[in-house]
Amino acid sequence: MDPTVAILILAAGASSRMRGTDKLVQSVGGQPLLRRVAETALATGMPVWVTLPTGAAARWAALAGLGVEIVEVPDAAQGMSRSLVRGVASVIASFNASEAEDAAGLMILPADMPDFTPHALGRMIHAFCSDPRMIWRGGTADGQPGHPAIFPRDLWPALAQVNGDEGGRSVLQANRDRLRLMPLPGAMATCDLDTPEDWAAYRGRPL
């Protein structure tokens, strides 16, 4: 049996740079961005967790009917680390409870990046499964690092202890010797939509 790569979508941010609108429920291809990302993750065949802040009704509604595990983050305002810590803890608890030995990796997938495809994520998962001691990180063809990143299971406890307003940056820096960069098509590894200007530029191009 091939090892499992759990996918954790971080979607508990405040969209503070959107000046009053929620970037994760903006429409991309006729559906909320958050749902698009979740469906892309599910299409890999891997289990998916999504972190959400308390009270974000529109985000919860965007995931209605999808087979994802939702992790509520009541302290999301304290920074991105809270979303990561609570999400990783939920993944660890789930695999420990099932006594699953085939869980080898954890993909950290941002929720505000619209261009990922099941094929691209699947390529990363395949690469990780072929060398599961390494951290596999998406990037551009010219070597610019981006997202997502897949972490081996021995690094999950470190991810569950990060602090402040960061994702897994400190864990990546502490394990640079284990990092492998995988070029992904176009700008999908770096295209995130944080501001109204980002959205206007993105919608100005063909989808």
# chains A, B, ... in the order shown; residues from 1 in each chain; ligands from 1

call {"tool": "residues_around", "arguments": {"residues": "Val88 in chain A", "least_positions_apart": "3", "cutoff": "7 Å", "atoms": "only C-alpha atoms", "output": "PyMOL selection string"}}
result
chain A and resi 84-85+91-92+156+159-160

call {"tool": "closest_atom_pairs", "arguments": {"of": "range 180-205 of chain A", "to": "range 107-119 of chain A", "cutoff": "7 Å", "atoms": "only C-alpha atoms", "output": "tab-separated table"}}
result
residue	atom	partner	partner_atom	distance
A:Met188	CA	A:Asp115	CA	4.9
A:Cys191	CA	A:Met113	CA	5.8
A:Asp192	CA	A:Met113	CA	4.5
A:Leu193	CA	A:Asp112	CA	5.8

call {"tool": "write_last_selection", "arguments": {"atoms": "C-alpha atoms", "output": "short mmCIF file (atom, residue, chain, number, x, y, z; two decimals), in the first residue's frame"}}
result
data_model
loop_
_atom_site.label_atom_id
_atom_site.label_comp_id
_atom_site.auth_asym_id
_atom_site.auth_seq_id
_atom_site.Cartn_x
_atom_site.Cartn_y
_atom_site.Cartn_z
CA MET A 188 0.86 28.27 -9.45
CA CYS A 191 0.22 33.03 -7.09
CA ASP A 192 -1.70 34.05 -3.99
CA LEU A 193 -4.54 36.58 -3.89
#

call {"tool": "residues_around", "arguments": {"residues": "range 138-148 of chain A", "least_positions_apart": "2", "cutoff": "12 Å", "atoms": "only C-alpha atoms", "output": "MDAnalysis selection string"}}
result
chainID A and resid 7:10 37 41 106:117 120:125 127:128 135:136 150:151 167:169 172 179:192

call {"tool": "write_last_selection", "arguments": {"atoms": "N, CA and C atoms", "output": "short mmCIF file (atom, residue, chain, number, x, y, z; two decimals), in the first residue's frame"}}
result
data_model
loop_
_atom_site.label_atom_id
_atom_site.label_comp_id
_atom_site.auth_asym_id
_atom_site.auth_seq_id
_atom_site.Cartn_x
_atom_site.Cartn_y
_atom_site.Cartn_z
N ILE A 7 -3.49 16.10 3.73
CA ILE A 7 -3.45 17.48 3.20
C ILE A 7 -4.15 18.40 4.18
N LEU A 8 -3.44 19.42 4.63
CA LEU A 8 -3.98 20.40 5.56
C LEU A 8 -4.08 21.75 4.87
N ILE A 9 -5.31 22.22 4.68
CA ILE A 9 -5.56 23.51 4.05
C ILE A 9 -5.72 24.56 5.15
N LEU A 10 -4.86 25.56 5.12
CA LEU A 10 -4.92 26.62 6.12
C LEU A 10 -5.86 27.72 5.66
N VAL A 37 -10.13 25.11 -3.89
CA VAL A 37 -8.90 24.53 -3.36
C VAL A 37 -9.18 23.20 -2.68
N ALA A 41 -7.73 19.46 -3.68
CA ALA A 41 -7.03 18.58 -2.75
C ALA A 41 -7.70 17.20 -2.69
N LEU A 106 2.69 15.13 5.36
CA LEU A 106 1.65 16.13 5.58
C LEU A 106 1.90 17.29 4.63
N MET A 107 0.96 17.51 3.72
CA MET A 107 1.04 18.64 2.79
C MET A 107 0.35 19.85 3.41
N ILE A 108 1.08 20.96 3.51
CA ILE A 108 0.50 22.21 3.97
C ILE A 108 0.14 23.01 2.73
N LEU A 109 -1.17 23.26 2.57
CA LEU A 109 -1.69 23.87 1.34
C LEU A 109 -2.42 25.17 1.69
N PRO A 110 -1.92 26.33 1.25
CA PRO A 110 -2.63 27.58 1.51
C PRO A 110 -3.98 27.61 0.79
N ALA A 111 -4.93 28.31 1.39
CA ALA A 111 -6.28 28.35 0.82
C ALA A 111 -6.48 29.49 -0.16
N ASP A 112 -5.50 30.40 -0.28
CA ASP A 112 -5.70 31.59 -1.12
C ASP A 112 -4.93 31.52 -2.43
N MET A 113 -4.62 30.31 -2.87
CA MET A 113 -3.85 30.12 -4.11
C MET A 113 -4.68 29.32 -5.10
N PRO A 114 -5.21 29.97 -6.14
CA PRO A 114 -6.24 29.35 -6.97
C PRO A 114 -5.77 28.43 -8.08
N ASP A 115 -4.48 28.41 -8.38
CA ASP A 115 -4.05 27.76 -9.62
C ASP A 115 -3.61 26.31 -9.49
N PHE A 116 -3.57 25.76 -8.28
CA PHE A 116 -3.17 24.37 -8.14
C PHE A 116 -4.15 23.45 -8.86
N THR A 117 -3.62 22.36 -9.37
CA THR A 117 -4.43 21.35 -10.05
C THR A 117 -4.22 20.00 -9.36
N ALA A 120 -0.87 18.50 -10.49
CA ALA A 120 0.34 19.07 -9.88
C ALA A 120 0.52 18.58 -8.45
N LEU A 121 -0.57 18.58 -7.68
CA LEU A 121 -0.46 18.09 -6.30
C LEU A 121 -0.13 16.60 -6.30
N GLY A 122 -0.71 15.86 -7.25
CA GLY A 122 -0.42 14.44 -7.34
C GLY A 122 1.04 14.17 -7.67
N ARG A 123 1.63 14.98 -8.52
CA ARG A 123 3.06 14.84 -8.84
C ARG A 123 3.91 15.04 -7.59
N MET A 124 3.54 16.03 -6.79
CA MET A 124 4.30 16.27 -5.56
C MET A 124 4.17 15.11 -4.59
N ILE A 125 2.95 14.58 -4.48
CA ILE A 125 2.73 13.44 -3.59
C ILE A 125 3.53 12.24 -4.07
N ALA A 127 6.29 12.26 -5.81
CA ALA A 127 7.70 12.51 -5.55
C ALA A 127 8.03 12.28 -4.08
N PHE A 128 7.15 12.76 -3.21
CA PHE A 128 7.38 12.55 -1.79
C PHE A 128 7.39 11.06 -1.45
N ILE A 135 11.73 16.87 2.59
CA ILE A 135 10.65 17.85 2.52
C ILE A 135 10.53 18.28 1.06
N TRP A 136 9.37 18.10 0.48
CA TRP A 136 9.14 18.48 -0.90
C TRP A 136 8.35 19.78 -0.94
N ILE A 150 5.41 19.47 1.58
CA ILE A 150 5.07 18.19 2.19
C ILE A 150 6.15 17.84 3.21
N PHE A 151 5.74 17.63 4.46
CA PHE A 151 6.67 17.36 5.55
C PHE A 151 6.60 15.89 5.97
N GLY A 167 3.91 30.15 9.12
CA GLY A 167 3.50 28.79 8.83
C GLY A 167 4.61 27.85 9.27
N GLY A 168 5.11 27.08 8.35
CA GLY A 168 6.17 26.14 8.70
C GLY A 168 7.56 26.66 8.38
N ARG A 169 7.72 27.99 8.28
CA ARG A 169 9.00 28.56 7.86
C ARG A 169 10.15 28.12 8.75
N LEU A 172 11.16 24.60 8.00
CA LEU A 172 11.89 24.53 6.74
C LEU A 172 13.33 24.99 6.92
N LEU A 179 15.55 19.57 2.13
CA LEU A 179 14.59 20.23 1.25
C LEU A 179 14.83 19.88 -0.21
N ARG A 180 13.74 19.56 -0.90
CA ARG A 180 13.77 19.33 -2.35
C ARG A 180 12.72 20.23 -2.98
N LEU A 181 13.11 20.96 -4.00
CA LEU A 181 12.19 21.88 -4.69
C LEU A 181 11.67 21.22 -5.95
N MET A 182 10.34 21.23 -6.12
CA MET A 182 9.74 20.69 -7.34
C MET A 182 9.12 21.82 -8.15
N PRO A 183 9.64 22.06 -9.36
CA PRO A 183 9.04 23.10 -10.21
C PRO A 183 7.61 22.70 -10.60
N LEU A 184 6.69 23.63 -10.45
CA LEU A 184 5.30 23.43 -10.85
C LEU A 184 4.99 24.36 -12.01
N PRO A 185 3.99 24.04 -12.83
CA PRO A 185 3.72 24.84 -14.03
C PRO A 185 3.40 26.30 -13.72
N GLY A 186 3.86 27.17 -14.59
CA GLY A 186 3.53 28.58 -14.50
C GLY A 186 3.89 29.18 -13.15
N ALA A 187 2.95 29.98 -12.62
CA ALA A 187 3.16 30.65 -11.34
C ALA A 187 2.31 30.05 -10.24
N MET A 188 1.81 28.82 -10.43
CA MET A 188 0.86 28.27 -9.45
C MET A 188 1.45 28.17 -8.05
N ALA A 189 2.76 27.99 -7.94
CA ALA A 189 3.37 27.83 -6.63
C ALA A 189 3.53 29.15 -5.88
N THR A 190 3.36 30.27 -6.58
CA THR A 190 3.58 31.58 -5.96
C THR A 190 2.40 32.53 -6.10
N CYS A 191 1.37 32.15 -6.85
CA CYS A 191 0.22 33.03 -7.09
C CYS A 191 -0.77 32.96 -5.95
N ASP A 192 -0.70 33.95 -5.03
CA ASP A 192 -1.70 34.05 -3.99
C ASP A 192 -2.43 35.39 -4.14
#

call {"tool": "residues_around", "arguments": {"residues": "Met80 in chain A", "least_positions_apart": "6", "cutoff": "7 Å", "atoms": "only C-alpha atoms", "output": "list in words"}}
result
Gly13, Gly164, Asp165, Glu166 and Gly167 of chain A

call {"tool": "write_last_selection", "arguments": {"atoms": "all heavy atoms", "output": "PDB file, in the first residue's frame"}}
result
ATOM      1  N   GLY A  13      -7.280  32.463   8.258  1.00  0.00           N
ATOM      2  CA  GLY A  13      -6.810  33.844   8.267  1.00  0.00           C
ATOM      3  C   GLY A  13      -7.947  34.842   8.199  1.00  0.00           C
ATOM      4  O   GLY A  13      -9.088  34.506   7.838  1.00  0.00           O
ATOM      5  N   GLY A 164       3.813  32.439  16.704  1.00  0.00           N
ATOM      6  CA  GLY A 164       3.739  33.704  15.984  1.00  0.00           C
ATOM      7  C   GLY A 164       2.969  33.612  14.685  1.00  0.00           C
ATOM      8  O   GLY A 164       2.197  32.695  14.440  1.00  0.00           O
ATOM      9  N   ASP A 165       3.220  34.587  13.824  1.00  0.00           N
ATOM     10  CA  ASP A 165       2.482  34.687  12.569  1.00  0.00           C
ATOM     11  C   ASP A 165       3.288  34.053  11.441  1.00  0.00           C
ATOM     12  O   ASP A 165       3.726  34.710  10.502  1.00  0.00           O
ATOM     13  CB  ASP A 165       2.176  36.151  12.260  1.00  0.00           C
ATOM     14  CG  ASP A 165       1.135  36.289  11.156  1.00  0.00           C
ATOM     15  OD1 ASP A 165       0.372  35.324  10.940  1.00  0.00           O
ATOM     16  OD2 ASP A 165       1.079  37.340  10.511  1.00  0.00           O
ATOM     17  N   GLU A 166       3.510  32.770  11.550  1.00  0.00           N
ATOM     18  CA  GLU A 166       4.249  32.047  10.514  1.00  0.00           C
ATOM     19  C   GLU A 166       3.594  30.701  10.258  1.00  0.00           C
ATOM     20  O   GLU A 166       2.832  30.194  11.066  1.00  0.00           O
ATOM     21  CB  GLU A 166       5.702  31.817  10.943  1.00  0.00           C
ATOM     22  CG  GLU A 166       5.843  30.854  12.099  1.00  0.00           C
ATOM     23  CD  GLU A 166       7.167  30.085  12.076  1.00  0.00           C
ATOM     24  OE1 GLU A 166       7.430  29.420  11.062  1.00  0.00           O
ATOM     25  OE2 GLU A 166       7.882  30.137  13.070  1.00  0.00           O
ATOM     26  N   GLY A 167       3.915  30.145   9.115  1.00  0.00           N
ATOM     27  CA  GLY A 167       3.503  28.785   8.832  1.00  0.00           C
ATOM     28  C   GLY A 167       4.605  27.848   9.273  1.00  0.00           C
ATOM     29  O   GLY A 167       5.044  27.883  10.413  1.00  0.00           O
TER      30      GLY A 167
END

call {"tool": "residues_around", "arguments": {"residues": "Trp60 in chain A", "least_positions_apart": "6", "cutoff": "12 Å", "atoms": "only C-alpha atoms", "output": "ChimeraX atom specification"}}
result
/A:11-12,24-25,32,34-35,38,50-54,66,68-72

call {"tool": "atom_distance", "arguments": {"atom1": "CA of His126 in chain A", "atom2": "CA of Phe95 in chain A"}}
result
20.4 Å

call {"tool": "select_by_dssp", "arguments": {"residues": "range 3-202 of chain A", "states": "strand (DSSP E)", "output": "number ranges by chain"}}
result
A: 4-10, 27-28, 31-32, 48-53, 69-73, 103-110, 135-139, 145-152, 179-183

call {"tool": "atom_distance", "arguments": {"atom1": "CA of Asp154 in chain A", "atom2": "CA of Ser81 in chain A"}}
result
18.6 Å

call {"tool": "atom_distance", "arguments": {"atom1": "CA of Ala149 in chain A", "atom2": "CA of Ala93 in chain A"}}
result
20.6 Å

call {"tool": "closest_residue", "arguments": {"among": "A:Ala76, A:Leu33, A:Val28, A:Leu42", "to": "Ala62 in chain A", "atoms": "only C-alpha atoms"}}
result
A:Leu33

call {"tool": "decode", "arguments": {"residues": "range 26-62 of chain A", "atoms": "N, CA and C atoms", "output": "PDB file, in the first residue's frame"}}
result
ATOM      1  N   GLN A  26     -14.408  34.572  -2.503  1.00  0.00           N
ATOM      2  CA  GLN A  26     -14.478  35.195  -3.827  1.00  0.00           C
ATOM      3  C   GLN A  26     -14.590  34.094  -4.878  1.00  0.00           C
ATOM      4  N   SER A  27     -15.272  34.413  -5.971  1.00  0.00           N
ATOM      5  CA  SER A  27     -15.541  33.400  -6.990  1.00  0.00           C
ATOM      6  C   SER A  27     -14.372  33.223  -7.943  1.00  0.00           C
ATOM      7  N   VAL A  28     -14.011  31.959  -8.160  1.00  0.00           N
ATOM      8  CA  VAL A  28     -13.022  31.576  -9.164  1.00  0.00           C
ATOM      9  C   VAL A  28     -13.622  30.431  -9.968  1.00  0.00           C
ATOM     10  N   GLY A  29     -13.825  30.665 -11.243  1.00  0.00           N
ATOM     11  CA  GLY A  29     -14.425  29.622 -12.068  1.00  0.00           C
ATOM     12  C   GLY A  29     -15.830  29.249 -11.626  1.00  0.00           C
ATOM     13  N   GLY A  30     -16.558  30.211 -11.043  1.00  0.00           N
ATOM     14  CA  GLY A  30     -17.940  29.978 -10.663  1.00  0.00           C
ATOM     15  C   GLY A  30     -18.152  29.360  -9.295  1.00  0.00           C
ATOM     16  N   GLN A  31     -17.102  29.258  -8.490  1.00  0.00           N
ATOM     17  CA  GLN A  31     -17.264  28.722  -7.151  1.00  0.00           C
ATOM     18  C   GLN A  31     -16.335  29.447  -6.185  1.00  0.00           C
ATOM     19  N   PRO A  32     -16.644  29.415  -4.883  1.00  0.00           N
ATOM     20  CA  PRO A  32     -15.770  30.080  -3.917  1.00  0.00           C
ATOM     21  C   PRO A  32     -14.350  29.511  -3.986  1.00  0.00           C
ATOM     22  N   LEU A  33     -13.375  30.398  -3.836  1.00  0.00           N
ATOM     23  CA  LEU A  33     -11.986  29.972  -3.887  1.00  0.00           C
ATOM     24  C   LEU A  33     -11.700  28.833  -2.916  1.00  0.00           C
ATOM     25  N   LEU A  34     -12.220  28.925  -1.688  1.00  0.00           N
ATOM     26  CA  LEU A  34     -11.957  27.881  -0.692  1.00  0.00           C
ATOM     27  C   LEU A  34     -12.474  26.534  -1.166  1.00  0.00           C
ATOM     28  N   ARG A  35     -13.648  26.515  -1.749  1.00  0.00           N
ATOM     29  CA  ARG A  35     -14.193  25.237  -2.243  1.00  0.00           C
ATOM     30  C   ARG A  35     -13.347  24.706  -3.398  1.00  0.00           C
ATOM     31  N   ARG A  36     -12.897  25.598  -4.263  1.00  0.00           N
ATOM     32  CA  ARG A  36     -12.055  25.187  -5.394  1.00  0.00           C
ATOM     33  C   ARG A  36     -10.786  24.504  -4.886  1.00  0.00           C
ATOM     34  N   VAL A  37     -10.132  25.109  -3.895  1.00  0.00           N
ATOM     35  CA  VAL A  37      -8.900  24.533  -3.358  1.00  0.00           C
ATOM     36  C   VAL A  37      -9.185  23.197  -2.680  1.00  0.00           C
ATOM     37  N   ALA A  38     -10.286  23.124  -1.913  1.00  0.00           N
ATOM     38  CA  ALA A  38     -10.629  21.881  -1.222  1.00  0.00           C
ATOM     39  C   ALA A  38     -10.937  20.762  -2.215  1.00  0.00           C
ATOM     40  N   GLU A  39     -11.665  21.071  -3.272  1.00  0.00           N
ATOM     41  CA  GLU A  39     -11.978  20.055  -4.274  1.00  0.00           C
ATOM     42  C   GLU A  39     -10.716  19.591  -4.997  1.00  0.00           C
ATOM     43  N   THR A  40      -9.799  20.508  -5.244  1.00  0.00           N
ATOM     44  CA  THR A  40      -8.530  20.139  -5.869  1.00  0.00           C
ATOM     45  C   THR A  40      -7.762  19.171  -4.978  1.00  0.00           C
ATOM     46  N   ALA A  41      -7.731  19.463  -3.685  1.00  0.00           N
ATOM     47  CA  ALA A  41      -7.034  18.576  -2.748  1.00  0.00           C
ATOM     48  C   ALA A  41      -7.701  17.203  -2.686  1.00  0.00           C
ATOM     49  N   LEU A  42      -9.016  17.178  -2.593  1.00  0.00           N
ATOM     50  CA  LEU A  42      -9.748  15.909  -2.510  1.00  0.00           C
ATOM     51  C   LEU A  42      -9.543  15.055  -3.763  1.00  0.00           C
ATOM     52  N   ALA A  43      -9.366  15.708  -4.905  1.00  0.00           N
ATOM     53  CA  ALA A  43      -9.210  14.977  -6.162  1.00  0.00           C
ATOM     54  C   ALA A  43      -7.926  14.156  -6.205  1.00  0.00           C
ATOM     55  N   THR A  44      -6.988  14.404  -5.281  1.00  0.00           N
ATOM     56  CA  THR A  44      -5.779  13.585  -5.210  1.00  0.00           C
ATOM     57  C   THR A  44      -6.049  12.223  -4.591  1.00  0.00           C
ATOM     58  N   GLY A  45      -7.198  12.080  -3.944  1.00  0.00           N
ATOM     59  CA  GLY A  45      -7.521  10.837  -3.261  1.00  0.00           C
ATOM     60  C   GLY A  45      -6.992  10.761  -1.844  1.00  0.00           C
ATOM     61  N   MET A  46      -6.359  11.821  -1.371  1.00  0.00           N
ATOM     62  CA  MET A  46      -5.801  11.857  -0.024  1.00  0.00           C
ATOM     63  C   MET A  46      -6.785  12.506   0.953  1.00  0.00           C
ATOM     64  N   PRO A  47      -6.677  12.187   2.262  1.00  0.00           N
ATOM     65  CA  PRO A  47      -7.561  12.809   3.249  1.00  0.00           C
ATOM     66  C   PRO A  47      -7.221  14.278   3.427  1.00  0.00           C
ATOM     67  N   VAL A  48      -8.259  15.090   3.641  1.00  0.00           N
ATOM     68  CA  VAL A  48      -8.088  16.542   3.671  1.00  0.00           C
ATOM     69  C   VAL A  48      -8.662  17.124   4.953  1.00  0.00           C
ATOM     70  N   TRP A  49      -7.884  17.985   5.604  1.00  0.00           N
ATOM     71  CA  TRP A  49      -8.323  18.773   6.748  1.00  0.00           C
ATOM     72  C   TRP A  49      -8.320  20.241   6.343  1.00  0.00           C
ATOM     73  N   VAL A  50      -9.266  21.018   6.902  1.00  0.00           N
ATOM     74  CA  VAL A  50      -9.321  22.457   6.634  1.00  0.00           C
ATOM     75  C   VAL A  50      -9.490  23.191   7.955  1.00  0.00           C
ATOM     76  N   THR A  51      -8.610  24.150   8.234  1.00  0.00           N
ATOM     77  CA  THR A  51      -8.768  24.973   9.430  1.00  0.00           C
ATOM     78  C   THR A  51      -9.646  26.170   9.098  1.00  0.00           C
ATOM     79  N   LEU A  52     -10.574  26.486  10.007  1.00  0.00           N
ATOM     80  CA  LEU A  52     -11.474  27.623   9.822  1.00  0.00           C
ATOM     81  C   LEU A  52     -11.584  28.403  11.125  1.00  0.00           C
ATOM     82  N   PRO A  53     -11.729  29.725  11.045  1.00  0.00           N
ATOM     83  CA  PRO A  53     -11.931  30.501  12.264  1.00  0.00           C
ATOM     84  C   PRO A  53     -13.352  30.339  12.777  1.00  0.00           C
ATOM     85  N   THR A  54     -13.522  30.561  14.050  1.00  0.00           N
ATOM     86  CA  THR A  54     -14.861  30.509  14.633  1.00  0.00           C
ATOM     87  C   THR A  54     -15.748  31.580  13.998  1.00  0.00           C
ATOM     88  N   GLY A  55     -16.963  31.190  13.637  1.00  0.00           N
ATOM     89  CA  GLY A  55     -17.948  32.153  13.167  1.00  0.00           C
ATOM     90  C   GLY A  55     -17.884  32.526  11.707  1.00  0.00           C
ATOM     91  N   ALA A  56     -16.994  31.936  10.935  1.00  0.00           N
ATOM     92  CA  ALA A  56     -16.871  32.284   9.516  1.00  0.00           C
ATOM     93  C   ALA A  56     -17.906  31.497   8.712  1.00  0.00           C
ATOM     94  N   ALA A  57     -19.168  31.933   8.811  1.00  0.00           N
ATOM     95  CA  ALA A  57     -20.275  31.158   8.240  1.00  0.00           C
ATOM     96  C   ALA A  57     -20.128  30.944   6.741  1.00  0.00           C
ATOM     97  N   ALA A  58     -19.664  31.962   6.026  1.00  0.00           N
ATOM     98  CA  ALA A  58     -19.558  31.830   4.568  1.00  0.00           C
ATOM     99  C   ALA A  58     -18.507  30.791   4.184  1.00  0.00           C
ATOM    100  N   ARG A  59     -17.443  30.712   4.956  1.00  0.00           N
ATOM    101  CA  ARG A  59     -16.413  29.700   4.662  1.00  0.00           C
ATOM    102  C   ARG A  59     -16.930  28.303   4.968  1.00  0.00           C
ATOM    103  N   TRP A  60     -17.607  28.162   6.083  1.00  0.00           N
ATOM    104  CA  TRP A  60     -18.194  26.853   6.395  1.00  0.00           C
ATOM    105  C   TRP A  60     -19.160  26.441   5.288  1.00  0.00           C
ATOM    106  N   ALA A  61     -19.993  27.396   4.835  1.00  0.00           N
ATOM    107  CA  ALA A  61     -20.973  27.083   3.787  1.00  0.00           C
ATOM    108  C   ALA A  61     -20.274  26.699   2.488  1.00  0.00           C
ATOM    109  N   ALA A  62     -19.129  27.304   2.201  1.00  0.00           N
ATOM    110  CA  ALA A  62     -18.409  27.006   0.969  1.00  0.00           C
ATOM    111  C   ALA A  62     -17.940  25.553   0.917  1.00  0.00           C
TER     112      ALA A  62
END
